[in-house]
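Take a look at the structure set out below.
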Amino acid sequence: MATTTTSSISVSSSSSSLSSNSQRYLSNLVQSQHCFFPRKNVALNKSLRRSPNFRIKAVSLTSETLETASHTFLDRKESGFLHFVKYHGLGNDFILVDNRDSMEPKVTPEQAVKLCDRNFGIGGDGVIFAMPGTNGTDYTMRIFNSDGSEPEMCGNGVRCFARFIAELENLHGKHSFTIHTGAGLIVPEIQDDGKVKVDMGEPILSAVDVPTKLPANKDSAVVKSDLVVDGETWSVTCVSMGNPHCITFGRKGDQNLVVDQLNLADIGPKFEHHDVFPARTNTEFIQVFSRSHLKMRVWERGAGATLACGTGACAVVVAAVLEGRAERNCTVDLPGGPLEIEWREEDNHVYMTGPAEVVFYGSVPL
């Protein structure tokens, strides 16, 4: 029988060692792969560690026991605490919140910024809310980025969302859902191997709808256009997957960009805030290995440099096809790992397949 190592907490009820608030805080910690102590409770954490009655011990639980524990945790409704599950898709990490009882997010954008802080909060690229369906869909997905802004959609996030829903609903095996997002209808399908395949819909190529102020040069699209950034001319193609993307294979005249040599923290914001992108933009820098193998680094609007971007990988394959650099079915390498992307000719939809994994469960006082 498969087992997994978890952590459990054993605390004396002695009031002389721990306050009632500390006892309540401990009662809300979940049993999982990592005991989660929010950094913002530094004083509490220090007092707990000093207490002779506080100890952490490693135990071995069966997968079935861990699953039961996770459902018990997810059912908790204590007021004043936010219960969450941390997920990641190739290192693009999110705080998932069960918001199915309301269309109003349980945290504000300002609170999301604090929760996403990697030193004083939980840490994450964004907070994702699972909400009731809209216009006949099964669920609605909203996201607050780590800077508090709200994007239309997130490809890695929607894979995490699908796995989160399966856990909330206690679903096993192959399942698909219809999800309303700011980018429209998205349909993820959990595969038998646990990966998630997502129908990301049709790419938007019209310059005015991306949106970009760059003039269209191929029908209504912007393909291999010149863009001057910080005194250098880059060749760019603009694509929207419900959110704007600027894809570049290098500076004008470059043969092949070596993406690991880029100073992303320096150049990324200059693309994001360029005045030709009225809604700002995500920016993907691409290295071509073959017509079916690409490497990508991304500067995400509102999140900065991340380990992966699902909508970005989709936009990259579309751009590579439009520029004649790749076929319609590609592996896209990201810092966090590979995604399989297909721009299907029959229906013009883009399909993304990749993993989504639980990191840990936790509770944090709001």
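Residue numbering restarts at 1 for every chain of the structure tokens, chains are lettered A, B, ... in their displayed order, and ligands are numbered from 1 as they appear.
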
Practice task
Check the DSSP output for the backbone and give back, as JSON, numbers by chain, the residues of region 209-337 of chain A in helix (DSSP H, G or I).
Solution key: {"A": [209, 259, 260, 261, 264, 265, 266, 267, 268, 269, 270, 271, 272, 310, 311, 312, 313, 314, 315, 316, 317, 318, 319, 320, 321, 322]}

Expected file contents, prior selection, N, CA and C atoms, as a PDB file, in the first residue's frame:
```pdb
ATOM      1  N   ASP A 209      -7.728  43.913 -30.730  1.00  0.00           N
ATOM      2  CA  ASP A 209      -8.303  43.066 -29.684  1.00  0.00           C
ATOM      3  C   ASP A 209      -7.261  42.445 -28.774  1.00  0.00           C
ATOM      4  N   VAL A 259      17.921  32.450 -24.511  1.00  0.00           N
ATOM      5  CA  VAL A 259      17.064  33.085 -23.505  1.00  0.00           C
ATOM      6  C   VAL A 259      17.699  33.119 -22.121  1.00  0.00           C
ATOM      7  N   ASP A 260      18.582  32.182 -21.814  1.00  0.00           N
ATOM      8  CA  ASP A 260      19.191  32.161 -20.482  1.00  0.00           C
ATOM      9  C   ASP A 260      20.188  33.301 -20.280  1.00  0.00           C
ATOM     10  N   GLN A 261      20.548  33.969 -21.354  1.00  0.00           N
ATOM     11  CA  GLN A 261      21.484  35.091 -21.242  1.00  0.00           C
ATOM     12  C   GLN A 261      20.774  36.419 -20.999  1.00  0.00           C
ATOM     13  N   LEU A 264      16.175  39.257 -17.399  1.00  0.00           N
ATOM     14  CA  LEU A 264      14.718  39.371 -17.497  1.00  0.00           C
ATOM     15  C   LEU A 264      14.167  40.473 -16.592  1.00  0.00           C
ATOM     16  N   ALA A 265      14.745  40.605 -15.418  1.00  0.00           N
ATOM     17  CA  ALA A 265      14.265  41.625 -14.474  1.00  0.00           C
ATOM     18  C   ALA A 265      14.462  43.031 -15.011  1.00  0.00           C
ATOM     19  N   ASP A 266      15.418  43.197 -15.911  1.00  0.00           N
ATOM     20  CA  ASP A 266      15.679  44.506 -16.494  1.00  0.00           C
ATOM     21  C   ASP A 266      14.798  44.758 -17.713  1.00  0.00           C
ATOM     22  N   ILE A 267      14.752  43.802 -18.636  1.00  0.00           N
ATOM     23  CA  ILE A 267      14.059  44.031 -19.902  1.00  0.00           C
ATOM     24  C   ILE A 267      12.557  43.765 -19.802  1.00  0.00           C
ATOM     25  N   GLY A 268      12.147  42.832 -18.923  1.00  0.00           N
ATOM     26  CA  GLY A 268      10.736  42.456 -18.833  1.00  0.00           C
ATOM     27  C   GLY A 268       9.790  43.613 -18.563  1.00  0.00           C
ATOM     28  N   PRO A 269      10.052  44.413 -17.512  1.00  0.00           N
ATOM     29  CA  PRO A 269       9.147  45.525 -17.212  1.00  0.00           C
ATOM     30  C   PRO A 269       9.058  46.551 -18.339  1.00  0.00           C
ATOM     31  N   LYS A 270      10.112  46.684 -19.135  1.00  0.00           N
ATOM     32  CA  LYS A 270      10.104  47.671 -20.222  1.00  0.00           C
ATOM     33  C   LYS A 270       9.165  47.241 -21.342  1.00  0.00           C
ATOM     34  N   PHE A 271       9.027  45.941 -21.545  1.00  0.00           N
ATOM     35  CA  PHE A 271       8.011  45.429 -22.470  1.00  0.00           C
ATOM     36  C   PHE A 271       6.622  45.573 -21.858  1.00  0.00           C
ATOM     37  N   GLU A 272       6.486  45.118 -20.605  1.00  0.00           N
ATOM     38  CA  GLU A 272       5.174  45.110 -19.948  1.00  0.00           C
ATOM     39  C   GLU A 272       4.514  46.484 -19.972  1.00  0.00           C
ATOM     40  N   GLY A 310       1.109  29.253 -18.773  1.00  0.00           N
ATOM     41  CA  GLY A 310       0.376  28.401 -19.705  1.00  0.00           C
ATOM     42  C   GLY A 310      -0.166  29.139 -20.904  1.00  0.00           C
ATOM     43  N   THR A 311      -0.807  30.281 -20.672  1.00  0.00           N
ATOM     44  CA  THR A 311      -1.322  31.050 -21.811  1.00  0.00           C
ATOM     45  C   THR A 311      -0.166  31.540 -22.671  1.00  0.00           C
ATOM     46  N   GLY A 312       0.965  31.845 -22.015  1.00  0.00           N
ATOM     47  CA  GLY A 312       2.146  32.276 -22.757  1.00  0.00           C
ATOM     48  C   GLY A 312       2.675  31.192 -23.666  1.00  0.00           C
ATOM     49  N   ALA A 313       2.739  29.955 -23.172  1.00  0.00           N
ATOM     50  CA  ALA A 313       3.203  28.839 -23.993  1.00  0.00           C
ATOM     51  C   ALA A 313       2.288  28.630 -25.192  1.00  0.00           C
ATOM     52  N   CYS A 314       0.986  28.798 -24.982  1.00  0.00           N
ATOM     53  CA  CYS A 314       0.027  28.681 -26.084  1.00  0.00           C
ATOM     54  C   CYS A 314       0.268  29.780 -27.116  1.00  0.00           C
ATOM     55  N   ALA A 315       0.409  31.011 -26.643  1.00  0.00           N
ATOM     56  CA  ALA A 315       0.643  32.143 -27.544  1.00  0.00           C
ATOM     57  C   ALA A 315       1.948  31.984 -28.311  1.00  0.00           C
ATOM     58  N   VAL A 316       2.951  31.392 -27.665  1.00  0.00           N
ATOM     59  CA  VAL A 316       4.250  31.185 -28.294  1.00  0.00           C
ATOM     60  C   VAL A 316       4.142  30.255 -29.503  1.00  0.00           C
ATOM     61  N   VAL A 317       3.419  29.151 -29.343  1.00  0.00           N
ATOM     62  CA  VAL A 317       3.278  28.219 -30.467  1.00  0.00           C
ATOM     63  C   VAL A 317       2.507  28.871 -31.606  1.00  0.00           C
ATOM     64  N   VAL A 318       1.471  29.640 -31.285  1.00  0.00           N
ATOM     65  CA  VAL A 318       0.736  30.368 -32.323  1.00  0.00           C
ATOM     66  C   VAL A 318       1.671  31.315 -33.067  1.00  0.00           C
ATOM     67  N   ALA A 319       2.459  32.072 -32.311  1.00  0.00           N
ATOM     68  CA  ALA A 319       3.394  33.025 -32.926  1.00  0.00           C
ATOM     69  C   ALA A 319       4.444  32.304 -33.763  1.00  0.00           C
ATOM     70  N   ALA A 320       4.945  31.181 -33.268  1.00  0.00           N
ATOM     71  CA  ALA A 320       5.966  30.426 -33.997  1.00  0.00           C
ATOM     72  C   ALA A 320       5.426  29.893 -35.320  1.00  0.00           C
ATOM     73  N   VAL A 321       4.169  29.473 -35.314  1.00  0.00           N
ATOM     74  CA  VAL A 321       3.539  29.011 -36.559  1.00  0.00           C
ATOM     75  C   VAL A 321       3.356  30.182 -37.521  1.00  0.00           C
ATOM     76  N   LEU A 322       2.864  31.306 -37.010  1.00  0.00           N
ATOM     77  CA  LEU A 322       2.640  32.482 -37.852  1.00  0.00           C
ATOM     78  C   LEU A 322       3.938  32.984 -38.481  1.00  0.00           C
TER      79      LEU A 322
END
```

Fill in the blank from the handout: From the list A:Gly324, A:Gly362, A:Gly126, A:Gly302, the nearest residue to Val288 (chain A) using only C-alpha atoms is A:Gly324

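Using only C-alpha atoms, the nearest neighbour of Val236 (chain A) within the list A:Glu323, A:Gly184, A:Cys116, A:Ala303 is A:Glu323.
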
Practice task
Quick one: pull the distance between CA of Ile143 (chain A) and CA of Phe277 (chain A), Å, one decimal.
Solution key: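 Spanning CA of Ile143 (chain A) to CA of Phe277 (chain A) is a straight-line distance of 21.0 Å.
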
Handout entry: Residues near Leu82 (chain A), cut-off 9 Å, only C-alpha atoms, skip fewer than 4 positions along chain, as a VMD selection string
Key = chain A and resid 77 to 78 97 106 to 107 362 to 366

Handout entry: Residue list (strand (DSSP E or B), DSSP) for region 159-355 of chain A, as JSON, numbers by chain
Key = {"A": [175, 176, 179, 180, 181, 184, 185, 186, 187, 188, 189, 190, 196, 197, 198, 199, 204, 206, 218, 221, 225, 226, 227, 228, 229, 232, 233, 234, 235, 236, 237, 238, 239, 240, 244, 245, 246, 247, 248, 249, 250, 251, 282, 283, 284, 285, 286, 287, 288, 289, 290, 293, 294, 295, 296, 297, 298, 299, 300, 304, 305, 329, 330, 331, 332, 333, 334, 337, 338, 339, 340, 341, 342, 343, 350, 351, 352, 353, 354]}

Practice task
Quote the spacing between CA of Lys224 (chain A) and CA of Asn348 (chain A) in Å to one decimal place.
Solution key: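 Atom-to-atom, CA of Lys224 (chain A) to CA of Asn348 (chain A), that is 20.8 Å.
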
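CA of Asp98 (chain A) is positioned 25.3 Å from CA of Gly201 (chain A).
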
Practice task
For Ser292 (chain A), work out the shell of residues within 7 Å, counting only C-alpha atoms and skipping chain neighbours fewer than 6 positions away, then give it as a ChimeraX atom specification.
Solution key: /A:326-327,329-331

Handout entry: Selection: 10 Å around Pro338 (chain A), only C-alpha atoms, excl. self and same-chain fewer than 6 positions, as number ranges by chain
Key = A: 90, 293-296, 308, 313, 330-332, 353-355

Tell me, as a CSV table (one decimal) with N, CA, C and O atoms, in the first residue's frame, which residues lie within 7 Å of region 136-142 of chain A, counting only C-alpha atoms; anything in the same chain fewer than 2 positions away does not count.
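Writing done, so here's selection_6.csv:
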```
chain,number,residue,atom,x,y,z
A,128,ILE,N,-6.3,32.2,-6.4
A,128,ILE,CA,-7.3,31.8,-7.4
A,128,ILE,C,-8.6,31.4,-6.6
A,128,ILE,O,-8.5,30.7,-5.6
A,129,PHE,N,-9.7,31.9,-7.0
A,129,PHE,CA,-11.0,31.6,-6.3
A,129,PHE,C,-11.9,30.7,-7.2
A,129,PHE,O,-12.1,31.0,-8.4
A,130,ALA,N,-12.4,29.6,-6.6
A,130,ALA,CA,-13.3,28.7,-7.2
A,130,ALA,C,-14.7,29.2,-6.8
A,130,ALA,O,-15.1,29.1,-5.7
A,131,MET,N,-15.5,29.7,-7.8
A,131,MET,CA,-16.7,30.4,-7.6
A,131,MET,C,-17.9,29.6,-8.3
A,131,MET,O,-17.6,28.8,-9.1
A,132,PRO,N,-19.1,30.0,-8.0
A,132,PRO,CA,-20.2,29.4,-8.7
A,132,PRO,C,-20.2,29.6,-10.2
A,132,PRO,O,-19.6,30.6,-10.6
A,133,GLY,N,-20.8,28.7,-11.0
A,133,GLY,CA,-20.8,28.9,-12.4
A,133,GLY,C,-21.6,30.1,-12.9
A,133,GLY,O,-22.4,30.7,-12.1
A,134,THR,N,-21.2,30.6,-14.1
A,134,THR,CA,-21.9,31.8,-14.7
A,134,THR,C,-22.3,31.4,-16.1
A,134,THR,O,-21.6,30.7,-16.8
A,177,PHE,N,-14.6,20.0,-17.0
A,177,PHE,CA,-15.4,21.0,-16.4
A,177,PHE,C,-15.5,22.2,-17.4
A,177,PHE,O,-14.6,22.4,-18.2
A,178,THR,N,-16.6,22.9,-17.3
A,178,THR,CA,-16.7,24.2,-18.0
A,178,THR,C,-16.5,25.3,-17.0
A,178,THR,O,-17.1,25.3,-16.0
A,179,ILE,N,-15.6,26.2,-17.4
A,179,ILE,CA,-15.2,27.2,-16.4
A,179,ILE,C,-15.4,28.6,-17.1
A,179,ILE,O,-14.8,28.8,-18.2
A,180,HIS,N,-16.1,29.5,-16.5
A,180,HIS,CA,-16.2,30.9,-16.9
A,180,HIS,C,-15.0,31.6,-16.4
A,180,HIS,O,-14.7,31.6,-15.2
A,181,THR,N,-14.3,32.3,-17.3
A,181,THR,CA,-13.2,33.2,-16.9
A,181,THR,C,-13.3,34.5,-17.6
A,181,THR,O,-14.2,34.7,-18.5
```
